[in-house]
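Enquirer: Here you go, this is final_8.pdb (PDB, C-alpha atoms, pLDDT in the B column).
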ATOM      1  CA  LYS A   1       0.000   0.000   0.000  1.00 60.00           C
ATOM      2  CA  ASN A   2       1.335   3.433  -0.931  1.00 75.00           C
ATOM      3  CA  GLU A   3       2.052   5.828   1.895  1.00 90.00           C
ATOM      4  CA  VAL A   4       0.197   8.580   0.018  1.00 94.00           C
ATOM      5  CA  GLU A   5      -3.065   7.834  -1.778  1.00 95.00           C
ATOM      6  CA  GLN A   6      -4.953  10.286  -3.957  1.00 96.00           C
ATOM      7  CA  SER A   7      -8.472  10.132  -5.317  1.00 95.00           C
ATOM      8  CA  PRO A   8      -9.779  10.310  -7.869  1.00 96.00           C
ATOM      9  CA  GLN A   9      -7.037   9.378 -10.345  1.00 95.00           C
ATOM     10  CA  ASN A  10      -8.842  11.149 -13.170  1.00 96.00           C
ATOM     11  CA  LEU A  11     -11.451  13.870 -13.039  1.00 96.00           C
ATOM     12  CA  THR A  12     -13.393  15.631 -15.765  1.00 97.00           C
ATOM     13  CA  ALA A  13     -15.417  18.712 -14.921  1.00 96.00           C
ATOM     14  CA  GLN A  14     -17.291  21.431 -16.741  1.00 97.00           C
ATOM     15  CA  GLU A  15     -16.210  25.024 -16.465  1.00 97.00           C
ATOM     16  CA  GLY A  16     -17.589  26.598 -13.297  1.00 97.00           C
ATOM     17  CA  GLU A  17     -17.874  23.399 -11.295  1.00 97.00           C
ATOM     18  CA  PHE A  18     -16.562  23.026  -7.747  1.00 97.00           C
ATOM     19  CA  ILE A  19     -13.807  20.402  -7.642  1.00 97.00           C
ATOM     20  CA  THR A  20     -12.425  18.372  -4.765  1.00 98.00           C
ATOM     21  CA  ILE A  21      -9.299  16.216  -4.834  1.00 98.00           C
ATOM     22  CA  ASN A  22      -8.513  14.046  -1.840  1.00 98.00           C
ATOM     23  CA  CYS A  23      -5.265  12.851  -0.303  1.00 98.00           C
ATOM     24  CA  SER A  24      -4.814  10.304   2.483  1.00 97.00           C
ATOM     25  CA  TYR A  25      -1.508   9.347   4.043  1.00 96.00           C
ATOM     26  CA  SER A  26      -0.403   6.687   6.463  1.00 94.00           C
ATOM     27  CA  VAL A  27       2.762   8.134   8.019  1.00 88.00           C
ATOM     28  CA  GLY A  28       3.572  10.876  10.471  1.00 89.00           C
ATOM     29  CA  ILE A  29       4.253  14.127   8.708  1.00 91.00           C
ATOM     30  CA  SER A  30       5.650  17.575   9.390  1.00 90.00           C
ATOM     31  CA  ALA A  31       3.862  19.114   6.394  1.00 93.00           C
ATOM     32  CA  LEU A  32       1.776  18.288   3.350  1.00 95.00           C
ATOM     33  CA  HIS A  33       2.268  19.849  -0.067  1.00 96.00           C
ATOM     34  CA  TRP A  34      -0.081  20.312  -2.975  1.00 97.00           C
ATOM     35  CA  LEU A  35       1.638  20.649  -6.344  1.00 97.00           C
ATOM     36  CA  GLN A  36       0.438  21.358  -9.875  1.00 97.00           C
ATOM     37  CA  GLN A  37       1.982  19.926 -13.029  1.00 95.00           C
ATOM     38  CA  HIS A  38       0.978  21.185 -16.454  1.00 90.00           C
ATOM     39  CA  PRO A  39       1.665  19.287 -19.694  1.00 84.00           C
ATOM     40  CA  GLY A  40       5.336  19.798 -20.498  1.00 77.00           C
ATOM     41  CA  GLY A  41       6.479  18.741 -17.049  1.00 71.00           C
ATOM     42  CA  GLY A  42       7.133  21.762 -14.822  1.00 86.00           C
ATOM     43  CA  ILE A  43       5.848  21.414 -11.253  1.00 93.00           C
ATOM     44  CA  VAL A  44       4.656  24.370  -9.211  1.00 93.00           C
ATOM     45  CA  SER A  45       4.034  24.394  -5.484  1.00 93.00           C
ATOM     46  CA  LEU A  46       0.480  25.476  -4.627  1.00 96.00           C
ATOM     47  CA  PHE A  47       0.351  25.011  -0.860  1.00 95.00           C
ATOM     48  CA  MET A  48       2.340  23.754   2.067  1.00 94.00           C
ATOM     49  CA  LEU A  49       0.167  22.875   5.083  1.00 92.00           C
ATOM     50  CA  SER A  50       0.811  21.610   8.559  1.00 91.00           C
ATOM     51  CA  SER A  51      -2.643  22.356   9.990  1.00 93.00           C
ATOM     52  CA  GLY A  52      -5.989  23.942   9.200  1.00 94.00           C
ATOM     53  CA  LYS A  53      -6.739  25.608   5.925  1.00 96.00           C
ATOM     54  CA  LYS A  54      -5.091  27.851   3.332  1.00 96.00           C
ATOM     55  CA  LYS A  55      -6.629  29.807   0.473  1.00 97.00           C
ATOM     56  CA  HIS A  56      -5.096  31.304  -2.615  1.00 95.00           C
ATOM     57  CA  GLY A  57      -7.451  32.766  -5.164  1.00 96.00           C
ATOM     58  CA  ARG A  58      -9.872  30.031  -6.222  1.00 97.00           C
ATOM     59  CA  LEU A  59      -7.846  27.293  -4.550  1.00 97.00           C
ATOM     60  CA  ILE A  60      -8.416  26.098  -1.007  1.00 98.00           C
ATOM     61  CA  ALA A  61      -6.438  23.404   0.793  1.00 98.00           C
ATOM     62  CA  THR A  62      -7.418  21.793   4.085  1.00 98.00           C
ATOM     63  CA  ILE A  63      -5.770  19.233   6.295  1.00 97.00           C
ATOM     64  CA  ASN A  64      -7.000  17.064   9.163  1.00 96.00           C
ATOM     65  CA  ILE A  65      -3.951  15.776  11.002  1.00 93.00           C
ATOM     66  CA  GLN A  66      -5.905  13.366  13.229  1.00 94.00           C
ATOM     67  CA  GLU A  67      -7.558  11.701  10.234  1.00 95.00           C
ATOM     68  CA  LYS A  68      -4.406  11.912   8.078  1.00 95.00           C
ATOM     69  CA  HIS A  69      -6.373  13.470   5.250  1.00 97.00           C
ATOM     70  CA  SER A  70      -6.157  16.571   3.079  1.00 98.00           C
ATOM     71  CA  SER A  71      -8.361  18.029   0.372  1.00 98.00           C
ATOM     72  CA  LEU A  72      -7.699  20.469  -2.440  1.00 98.00           C
ATOM     73  CA  HIS A  73     -10.727  22.410  -3.639  1.00 98.00           C
ATOM     74  CA  ILE A  74     -11.025  24.486  -6.786  1.00 97.00           C
ATOM     75  CA  THR A  75     -13.969  26.865  -6.927  1.00 96.00           C
ATOM     76  CA  ALA A  76     -15.393  28.084 -10.258  1.00 95.00           C
ATOM     77  CA  SER A  77     -13.123  25.800 -12.261  1.00 96.00           C
ATOM     78  CA  HIS A  78     -11.701  26.991 -15.564  1.00 96.00           C
ATOM     79  CA  PRO A  79     -10.065  25.158 -18.490  1.00 95.00           C
ATOM     80  CA  ARG A  80      -6.698  26.646 -17.467  1.00 94.00           C
ATOM     81  CA  ASP A  81      -6.966  24.602 -14.255  1.00 96.00           C
ATOM     82  CA  SER A  82      -6.496  21.451 -16.352  1.00 96.00           C
ATOM     83  CA  ALA A  83      -3.360  19.823 -14.993  1.00 96.00           C
ATOM     84  CA  VAL A  84      -2.133  17.014 -12.780  1.00 96.00           C
ATOM     85  CA  TYR A  85      -2.467  17.783  -9.076  1.00 97.00           C
ATOM     86  CA  ILE A  86      -0.028  15.999  -6.808  1.00 97.00           C
ATOM     87  CA  CYS A  87      -0.141  15.540  -3.062  1.00 96.00           C
ATOM     88  CA  ALA A  88       3.180  15.055  -1.260  1.00 95.00           C
ATOM     89  CA  VAL A  89       4.090  14.626   2.395  1.00 94.00           C
ATOM     90  CA  ASP A  90       7.203  15.713   4.242  1.00 91.00           C
ATOM     91  CA  THR A  91       8.020  13.184   6.932  1.00 84.00           C
ATOM     92  CA  GLY A  92      10.484  15.603   8.509  1.00 78.00           C
ATOM     93  CA  THR A  93      13.718  14.039   7.287  1.00 69.00           C
ATOM     94  CA  ALA A  94      15.765  16.623   5.360  1.00 66.00           C
ATOM     95  CA  SER A  95      12.597  17.927   3.672  1.00 75.00           C
ATOM     96  CA  LYS A  96      12.285  14.746   1.612  1.00 83.00           C
ATOM     97  CA  LEU A  97       8.874  14.355   0.013  1.00 89.00           C
ATOM     98  CA  THR A  98       6.824  11.227  -0.612  1.00 91.00           C
ATOM     99  CA  PHE A  99       4.394  11.684  -3.462  1.00 93.00           C
ATOM    100  CA  GLY A 100       0.971  10.455  -4.441  1.00 93.00           C
ATOM    101  CA  THR A 101       0.529   9.368  -8.041  1.00 92.00           C
ATOM    102  CA  GLY A 102      -1.464  12.460  -8.932  1.00 94.00           C
ATOM    103  CA  THR A 103      -4.968  13.393 -10.060  1.00 96.00           C
ATOM    104  CA  ARG A 104      -5.394  14.322 -13.691  1.00 96.00           C
ATOM    105  CA  LEU A 105      -7.993  17.098 -13.997  1.00 97.00           C
ATOM    106  CA  GLN A 106      -9.592  18.090 -17.274  1.00 97.00           C
ATOM    107  CA  VAL A 107     -11.926  21.099 -17.249  1.00 97.00           C
ATOM    108  CA  THR A 108     -14.029  21.533 -20.362  1.00 96.00           C
ATOM    109  CA  LEU A 109     -16.021  24.483 -21.650  1.00 91.00           C
TER
ATOM    110  CA  ASP B   1      11.529  34.453  -8.159  1.00 69.00           C
ATOM    111  CA  VAL B   2      13.378  31.321  -7.269  1.00 67.00           C
ATOM    112  CA  LYS B   3      14.748  29.583 -10.288  1.00 88.00           C
ATOM    113  CA  VAL B   4      15.694  25.962 -10.596  1.00 94.00           C
ATOM    114  CA  THR B   5      17.173  25.344 -14.011  1.00 95.00           C
ATOM    115  CA  GLN B   6      17.840  21.961 -15.565  1.00 95.00           C
ATOM    116  CA  SER B   7      20.363  21.861 -18.366  1.00 91.00           C
ATOM    117  CA  SER B   8      18.192  20.129 -20.970  1.00 91.00           C
ATOM    118  CA  ARG B   9      14.472  19.678 -21.661  1.00 92.00           C
ATOM    119  CA  TYR B  10      14.959  16.659 -23.920  1.00 95.00           C
ATOM    120  CA  LEU B  11      17.838  14.227 -24.273  1.00 96.00           C
ATOM    121  CA  VAL B  12      18.339  11.126 -26.377  1.00 97.00           C
ATOM    122  CA  LYS B  13      21.246   8.892 -25.424  1.00 97.00           C
ATOM    123  CA  ARG B  14      22.495   5.472 -26.432  1.00 97.00           C
ATOM    124  CA  THR B  15      22.618   2.439 -24.168  1.00 98.00           C
ATOM    125  CA  GLY B  16      25.905   2.352 -22.283  1.00 97.00           C
ATOM    126  CA  GLU B  17      26.626   6.078 -22.529  1.00 97.00           C
ATOM    127  CA  LYS B  18      27.528   8.096 -19.447  1.00 97.00           C
ATOM    128  CA  VAL B  19      24.879  10.786 -19.014  1.00 97.00           C
ATOM    129  CA  PHE B  20      25.082  13.983 -16.987  1.00 97.00           C
ATOM    130  CA  LEU B  21      21.982  15.899 -15.919  1.00 97.00           C
ATOM    131  CA  GLU B  22      22.697  19.287 -14.395  1.00 97.00           C
ATOM    132  CA  CYS B  23      20.570  21.332 -12.025  1.00 97.00           C
ATOM    133  CA  VAL B  24      21.269  24.851 -10.801  1.00 97.00           C
ATOM    134  CA  GLN B  25      19.315  26.878  -8.227  1.00 95.00           C
ATOM    135  CA  ASP B  26      19.754  30.560  -7.510  1.00 93.00           C
ATOM    136  CA  MET B  27      18.343  30.924  -3.977  1.00 88.00           C
ATOM    137  CA  ASP B  28      21.047  29.483  -1.738  1.00 89.00           C
ATOM    138  CA  HIS B  29      18.882  26.511  -0.704  1.00 90.00           C
ATOM    139  CA  GLU B  30      20.526  23.852   1.398  1.00 90.00           C
ATOM    140  CA  ASN B  31      18.552  20.855   0.123  1.00 92.00           C
ATOM    141  CA  MET B  32      18.501  19.601  -3.439  1.00 95.00           C
ATOM    142  CA  PHE B  33      16.803  16.518  -4.849  1.00 95.00           C
ATOM    143  CA  TRP B  34      16.672  14.386  -7.965  1.00 97.00           C
ATOM    144  CA  TYR B  35      13.450  12.546  -8.766  1.00 96.00           C
ATOM    145  CA  ARG B  36      12.282  10.461 -11.658  1.00 96.00           C
ATOM    146  CA  GLN B  37       8.669  10.407 -12.739  1.00 94.00           C
ATOM    147  CA  ASP B  38       7.055   7.460 -14.497  1.00 93.00           C
ATOM    148  CA  PRO B  39       3.394   6.928 -15.462  1.00 88.00           C
ATOM    149  CA  GLY B  40       1.432   5.296 -12.667  1.00 84.00           C
ATOM    150  CA  LEU B  41       4.342   5.485 -10.229  1.00 88.00           C
ATOM    151  CA  GLY B  42       4.534   9.185  -9.471  1.00 88.00           C
ATOM    152  CA  LEU B  43       7.752  10.873  -8.457  1.00 92.00           C
ATOM    153  CA  ARG B  44      10.385   8.726  -6.804  1.00 94.00           C
ATOM    154  CA  LEU B  45      13.476  10.016  -5.033  1.00 94.00           C
ATOM    155  CA  ILE B  46      16.808   8.995  -6.535  1.00 97.00           C
ATOM    156  CA  TYR B  47      19.298  11.004  -4.449  1.00 96.00           C
ATOM    157  CA  PHE B  48      19.299  14.110  -2.325  1.00 95.00           C
ATOM    158  CA  SER B  49      21.863  16.433  -0.806  1.00 95.00           C
ATOM    159  CA  TYR B  50      21.563  18.687   2.211  1.00 91.00           C
ATOM    160  CA  ASP B  51      24.939  20.380   1.886  1.00 90.00           C
ATOM    161  CA  VAL B  52      27.916  20.743  -0.391  1.00 91.00           C
ATOM    162  CA  LYS B  53      29.721  17.434  -0.902  1.00 88.00           C
ATOM    163  CA  MET B  54      26.971  15.631   1.090  1.00 90.00           C
ATOM    164  CA  LYS B  55      24.716  13.110  -0.583  1.00 93.00           C
ATOM    165  CA  GLU B  56      22.170  10.566   0.543  1.00 93.00           C
ATOM    166  CA  LYS B  57      20.517   7.733  -1.345  1.00 94.00           C
ATOM    167  CA  GLY B  58      16.833   7.957  -1.969  1.00 93.00           C
ATOM    168  CA  ASP B  59      14.450   5.143  -2.775  1.00 91.00           C
ATOM    169  CA  ILE B  60      15.857   4.145  -6.183  1.00 95.00           C
ATOM    170  CA  PRO B  61      19.587   5.005  -6.360  1.00 96.00           C
ATOM    171  CA  GLU B  62      20.736   1.973  -8.349  1.00 96.00           C
ATOM    172  CA  GLY B  63      22.423   2.930 -11.605  1.00 96.00           C
ATOM    173  CA  TYR B  64      22.805   6.577 -10.595  1.00 97.00           C
ATOM    174  CA  SER B  65      25.315   8.752  -8.808  1.00 97.00           C
ATOM    175  CA  VAL B  66      25.362  12.436  -7.911  1.00 97.00           C
ATOM    176  CA  SER B  67      27.780  15.274  -7.372  1.00 96.00           C
ATOM    177  CA  ARG B  68      27.437  18.481  -5.398  1.00 96.00           C
ATOM    178  CA  GLU B  69      30.665  20.463  -5.516  1.00 95.00           C
ATOM    179  CA  LYS B  70      28.964  23.849  -5.159  1.00 95.00           C
ATOM    180  CA  LYS B  71      25.854  24.750  -3.189  1.00 94.00           C
ATOM    181  CA  GLU B  72      23.921  25.905  -6.230  1.00 95.00           C
ATOM    182  CA  ARG B  73      24.615  22.906  -8.471  1.00 96.00           C
ATOM    183  CA  PHE B  74      23.493  19.302  -8.137  1.00 97.00           C
ATOM    184  CA  SER B  75      24.353  16.859 -10.890  1.00 97.00           C
ATOM    185  CA  LEU B  76      22.809  13.470 -11.595  1.00 98.00           C
ATOM    186  CA  ILE B  77      25.003  10.941 -13.382  1.00 98.00           C
ATOM    187  CA  LEU B  78      23.869   7.812 -15.172  1.00 97.00           C
ATOM    188  CA  GLU B  79      27.053   5.760 -15.177  1.00 94.00           C
ATOM    189  CA  SER B  80      25.971   3.488 -18.037  1.00 97.00           C
ATOM    190  CA  ALA B  81      22.578   4.411 -19.414  1.00 97.00           C
ATOM    191  CA  SER B  82      20.043   1.648 -19.899  1.00 97.00           C
ATOM    192  CA  THR B  83      16.639   1.632 -21.565  1.00 97.00           C
ATOM    193  CA  ASN B  84      14.876   1.270 -18.199  1.00 97.00           C
ATOM    194  CA  GLN B  85      16.259   4.682 -17.277  1.00 98.00           C
ATOM    195  CA  THR B  86      14.107   6.300 -19.938  1.00 98.00           C
ATOM    196  CA  SER B  87      12.015   8.684 -17.853  1.00 97.00           C
ATOM    197  CA  MET B  88      11.257  12.260 -16.868  1.00 95.00           C
ATOM    198  CA  TYR B  89      13.870  13.561 -14.416  1.00 97.00           C
ATOM    199  CA  LEU B  90      13.010  16.417 -12.085  1.00 96.00           C
ATOM    200  CA  CYS B  91      15.316  18.410  -9.872  1.00 96.00           C
ATOM    201  CA  ALA B  92      14.048  20.302  -6.826  1.00 95.00           C
ATOM    202  CA  SER B  93      15.529  22.567  -4.190  1.00 93.00           C
ATOM    203  CA  THR B  94      14.191  23.736  -0.851  1.00 89.00           C
ATOM    204  CA  PRO B  95      15.322  25.465   2.297  1.00 84.00           C
ATOM    205  CA  TRP B  96      14.647  23.476   5.471  1.00 79.00           C
ATOM    206  CA  GLY B  97      10.947  22.985   6.179  1.00 76.00           C
ATOM    207  CA  ALA B  98       9.670  25.153   3.347  1.00 82.00           C
ATOM    208  CA  GLU B  99       8.041  24.717  -0.020  1.00 86.00           C
ATOM    209  CA  ALA B 100       9.933  22.982  -2.783  1.00 89.00           C
ATOM    210  CA  PHE B 101      10.890  24.553  -6.098  1.00 93.00           C
ATOM    211  CA  PHE B 102      11.150  22.329  -9.149  1.00 94.00           C
ATOM    212  CA  GLY B 103      13.005  22.550 -12.405  1.00 94.00           C
ATOM    213  CA  GLN B 104      11.181  22.178 -15.701  1.00 93.00           C
ATOM    214  CA  GLY B 105      12.188  18.536 -16.065  1.00 94.00           C
ATOM    215  CA  THR B 106      14.393  16.614 -18.471  1.00 95.00           C
ATOM    216  CA  ARG B 107      12.768  13.955 -20.607  1.00 95.00           C
ATOM    217  CA  LEU B 108      15.485  11.371 -21.195  1.00 97.00           C
ATOM    218  CA  THR B 109      15.163   8.667 -23.802  1.00 97.00           C
ATOM    219  CA  VAL B 110      17.742   5.878 -23.863  1.00 98.00           C
ATOM    220  CA  VAL B 111      17.825   3.944 -27.117  1.00 97.00           C
TER
END
Represent the structure contained in this file as structure tokens.
Expert:
Amino acid sequence: KNEVEQSPQNLTAQEGEFITINCSYSVGISALHWLQQHPGGGIVSLFMLSSGKKKHGRLIATINIQEKHSSLHITASHPRDSAVYICAVDTGTASKLTFGTGTRLQVTL
Amino acid sequence: DVKVTQSSRYLVKRTGEKVFLECVQDMDHENMFWYRQDPGLGLRLIYFSYDVKMKEKGDIPEGYSVSREKKERFSLILESASTNQTSMYLCASTPWGAEAFFGQGTRLTVV
């Protein structure tokens, strides 16, 4: 069993829909990261969380440490949000990350 | 803006060649990482370094080595490239306990 599990693996939404991507992990962590990868490969950090909730524009990330679960929400989705969203956990050893396999999001008009 | 720059976007190499992938960061970060990314497997850690001349094996170090002679530069070396090393390679850097910054990736094909 992977230490970091994401769901769903693939997601198709229409423009304007509210989107939720889930991440569960099985190890102790110092922080959880949400990353975005567009076609072409580059990865961008969206959030780093150790508790509670963070918001940036239309993106909201939450974490429940007791339940070992995090969610990434996208409000009013747009085709430019189409990307792979990756959850990663920092177990506290030299900032090494362990990654989920990603959620591929396609937002259509 | 922090920049992590990988030397090549695409590389094609022959089986048995020695391959160098270079990564440079401009923000004086202590920690640097090399990952490979394969469909269905996500990113996996090959090697990391938390200081100049320091290196630690990650989860899949076999067939690879690294070099960090200067703080800003972390090189990944494929000693004798094989077809199963065809992959996307991503470099990242981070200060302690902070968000990671990634390079644009190098798509390596070994033929």
Enquirer: Please, what distance in Å, to one decimal, runs between atom CA of A:Gly100 and atom CA of A:His33?
Expert: 10.4 Å
Enquirer: Considering only C-alpha atoms, tabulate each residue of chain B that lies at most 7 Å from chain A along with its nearest interatomic pair and the corresponding distance in Å to one decimal; arrange the rows by chain and ascending residue number and present them as a tab-separated table.
Expert:
residue	atom	partner	partner_atom	distance
B:Gly40	CA	A:Thr101	CA	6.2
B:Leu41	CA	A:Thr101	CA	5.9
B:Gly42	CA	A:Thr101	CA	4.3
B:Leu43	CA	A:Phe99	CA	6.1
B:Tyr50	CA	A:Ala94	CA	6.9
B:Trp96	CA	A:Ser95	CA	6.2
B:Gly97	CA	A:Ser95	CA	5.9
B:Glu99	CA	A:Met48	CA	6.1
B:Ala100	CA	A:Ser45	CA	6.6
B:Phe101	CA	A:Ser45	CA	6.9
B:Phe102	CA	A:Ile43	CA	5.8
B:Gly103	CA	A:Gly42	CA	6.4
B:Gln104	CA	A:Gly42	CA	4.2
B:Gly105	CA	A:Gly41	CA	5.8
Enquirer: In Å to one decimal, how far is atom CA of A:His69 from atom CA of A:Gly57?
Expert: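 Rounded to one decimal, the two atoms are 22.0 Å apart.
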Enquirer: Work out how far apart atom CA of B:Thr83 and atom CA of B:Arg68 are and give it in Å to one decimal.
Expert: 25.7 Å
Enquirer: Which is closest to B:Asn31 among B:Tyr10, B:Tyr64, B:Phe48, B:Tyr89, if we use only C-alpha atoms?
Expert: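 Nearest to B:Asn31: B:Phe48.
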Enquirer: Can you list what the PyMOL selection byres ((chain A and resi 76) around 12) grabs from this structure, as a list in words?
Expert: Ala13, Gln14, Glu15, Gly16, Glu17, Phe18, Ile19, Thr20, Gly57, Arg58, Leu59, Ile60, His73, Ile74, Thr75, Ser77, His78, Pro79, Arg80, Asp81, Val107 and Leu109 of chain A
Enquirer: Keeping only C-alpha atoms, write the selected residues as a short mmCIF file (atom, residue, chain, number, x, y, z; two decimals), in the coordinates of the input.
Expert:
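Once everything was written out, this is out_16.cif:
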data_model
loop_
_atom_site.label_atom_id
_atom_site.label_comp_id
_atom_site.auth_asym_id
_atom_site.auth_seq_id
_atom_site.Cartn_x
_atom_site.Cartn_y
_atom_site.Cartn_z
CA ALA A 13 -15.42 18.71 -14.92
CA GLN A 14 -17.29 21.43 -16.74
CA GLU A 15 -16.21 25.02 -16.46
CA GLY A 16 -17.59 26.60 -13.30
CA GLU A 17 -17.87 23.40 -11.30
CA PHE A 18 -16.56 23.03 -7.75
CA ILE A 19 -13.81 20.40 -7.64
CA THR A 20 -12.42 18.37 -4.76
CA GLY A 57 -7.45 32.77 -5.16
CA ARG A 58 -9.87 30.03 -6.22
CA LEU A 59 -7.85 27.29 -4.55
CA ILE A 60 -8.42 26.10 -1.01
CA HIS A 73 -10.73 22.41 -3.64
CA ILE A 74 -11.02 24.49 -6.79
CA THR A 75 -13.97 26.86 -6.93
CA SER A 77 -13.12 25.80 -12.26
CA HIS A 78 -11.70 26.99 -15.56
CA PRO A 79 -10.06 25.16 -18.49
CA ARG A 80 -6.70 26.65 -17.47
CA ASP A 81 -6.97 24.60 -14.26
CA VAL A 107 -11.93 21.10 -17.25
CA LEU A 109 -16.02 24.48 -21.65
#
Enquirer: Hey, what comes out of the PyMOL selection byres ((chain B and resi 61) around 12) on this file? Could you write it as a PyMOL selection string?
Expert: chain B and resi 33-36+44-48+55-60+62-66+76-79+85
Enquirer: Please save C-alpha atoms of the selected residues as a JSON list (two decimals), in the frame of the given file.
Expert:
[["chain", "number", "residue", "atom", "x", "y", "z"],
["B", 33, "PHE", "CA", 16.80, 16.52, -4.85],
["B", 34, "TRP", "CA", 16.67, 14.39, -7.96],
["B", 35, "TYR", "CA", 13.45, 12.55, -8.77],
["B", 36, "ARG", "CA", 12.28, 10.46, -11.66],
["B", 44, "ARG", "CA", 10.38, 8.73, -6.80],
["B", 45, "LEU", "CA", 13.48, 10.02, -5.03],
["B", 46, "ILE", "CA", 16.81, 8.99, -6.54],
["B", 47, "TYR", "CA", 19.30, 11.00, -4.45],
["B", 48, "PHE", "CA", 19.30, 14.11, -2.33],
["B", 55, "LYS", "CA", 24.72, 13.11, -0.58],
["B", 56, "GLU", "CA", 22.17, 10.57, 0.54],
["B", 57, "LYS", "CA", 20.52, 7.73, -1.34],
["B", 58, "GLY", "CA", 16.83, 7.96, -1.97],
["B", 59, "ASP", "CA", 14.45, 5.14, -2.78],
["B", 60, "ILE", "CA", 15.86, 4.14, -6.18],
["B", 62, "GLU", "CA", 20.74, 1.97, -8.35],
["B", 63, "GLY", "CA", 22.42, 2.93, -11.60],
["B", 64, "TYR", "CA", 22.80, 6.58, -10.60],
["B", 65, "SER", "CA", 25.32, 8.75, -8.81],
["B", 66, "VAL", "CA", 25.36, 12.44, -7.91],
["B", 76, "LEU", "CA", 22.81, 13.47, -11.60],
["B", 77, "ILE", "CA", 25.00, 10.94, -13.38],
["B", 78, "LEU", "CA", 23.87, 7.81, -15.17],
["B", 79, "GLU", "CA", 27.05, 5.76, -15.18],
["B", 85, "GLN", "CA", 16.26, 4.68, -17.28]]
Enquirer: What lies within 10 Å of B:Arg14 using all atoms listed in the file, ignoring chain neighbours under 4 positions off, as a PyMOL selection string?
Expert: chain B and resi 18-19+80-83+109-111
Enquirer: Now that the selection is made, can you save its residues with C-alpha atoms as a PDB file, in the coordinates of the input?
Expert:
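Wrote again_17.pdb, looks like this:
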ATOM      1  CA  LYS B  18      27.528   8.096 -19.447  1.00 97.00           C
ATOM      2  CA  VAL B  19      24.879  10.786 -19.014  1.00 97.00           C
ATOM      3  CA  SER B  80      25.971   3.488 -18.037  1.00 97.00           C
ATOM      4  CA  ALA B  81      22.578   4.411 -19.414  1.00 97.00           C
ATOM      5  CA  SER B  82      20.043   1.648 -19.899  1.00 97.00           C
ATOM      6  CA  THR B  83      16.639   1.632 -21.565  1.00 97.00           C
ATOM      7  CA  THR B 109      15.163   8.667 -23.802  1.00 97.00           C
ATOM      8  CA  VAL B 110      17.742   5.878 -23.863  1.00 98.00           C
ATOM      9  CA  VAL B 111      17.825   3.944 -27.117  1.00 97.00           C
TER      10      VAL B 111
END
Enquirer: Find the residues around B:Leu11 up to 8 Å (all atoms listed in the file counted), leave out those fewer than 4 positions away in its own chain, and share them as a compact mmCIF listing (two decimals) with C-alpha atoms, keeping the file's coordinate frame.
Expert:
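Once written, part21.txt looks like this:
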# COMPACT_ATOMS: atom_id res chain seq x y z
CA THR B 106 14.39 16.61 -18.47
CA ARG B 107 12.77 13.96 -20.61
CA LEU B 108 15.48 11.37 -21.20
CA THR B 109 15.16 8.67 -23.80
Enquirer: Just checking: using only C-alpha atoms, which residue out of A:Ser51, A:Asn64, A:Ser26, A:Ser70 ends up closest to A:Cys87?
Expert: A:Ser70
Enquirer: Which polymer residues have any atom within 9 Å of an atom of B:Ser67, counting all atoms listed in the file, with same-chain residues fewer than 3 positions away left out, as a list in words?
Expert: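 Counting only the stated atoms, we get Ser49, Val52, Lys53, Met54, Lys55, Lys70, Arg73, Phe74, Ser75, Leu76 and Ile77 of chain B.
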Enquirer: Please write the residues picked by the PyMOL selection byres ((chain A and resi 27) around 9) on this file as number ranges by chain.
Expert: A: 3-4, 25-26, 28-29, 68, 89, 91
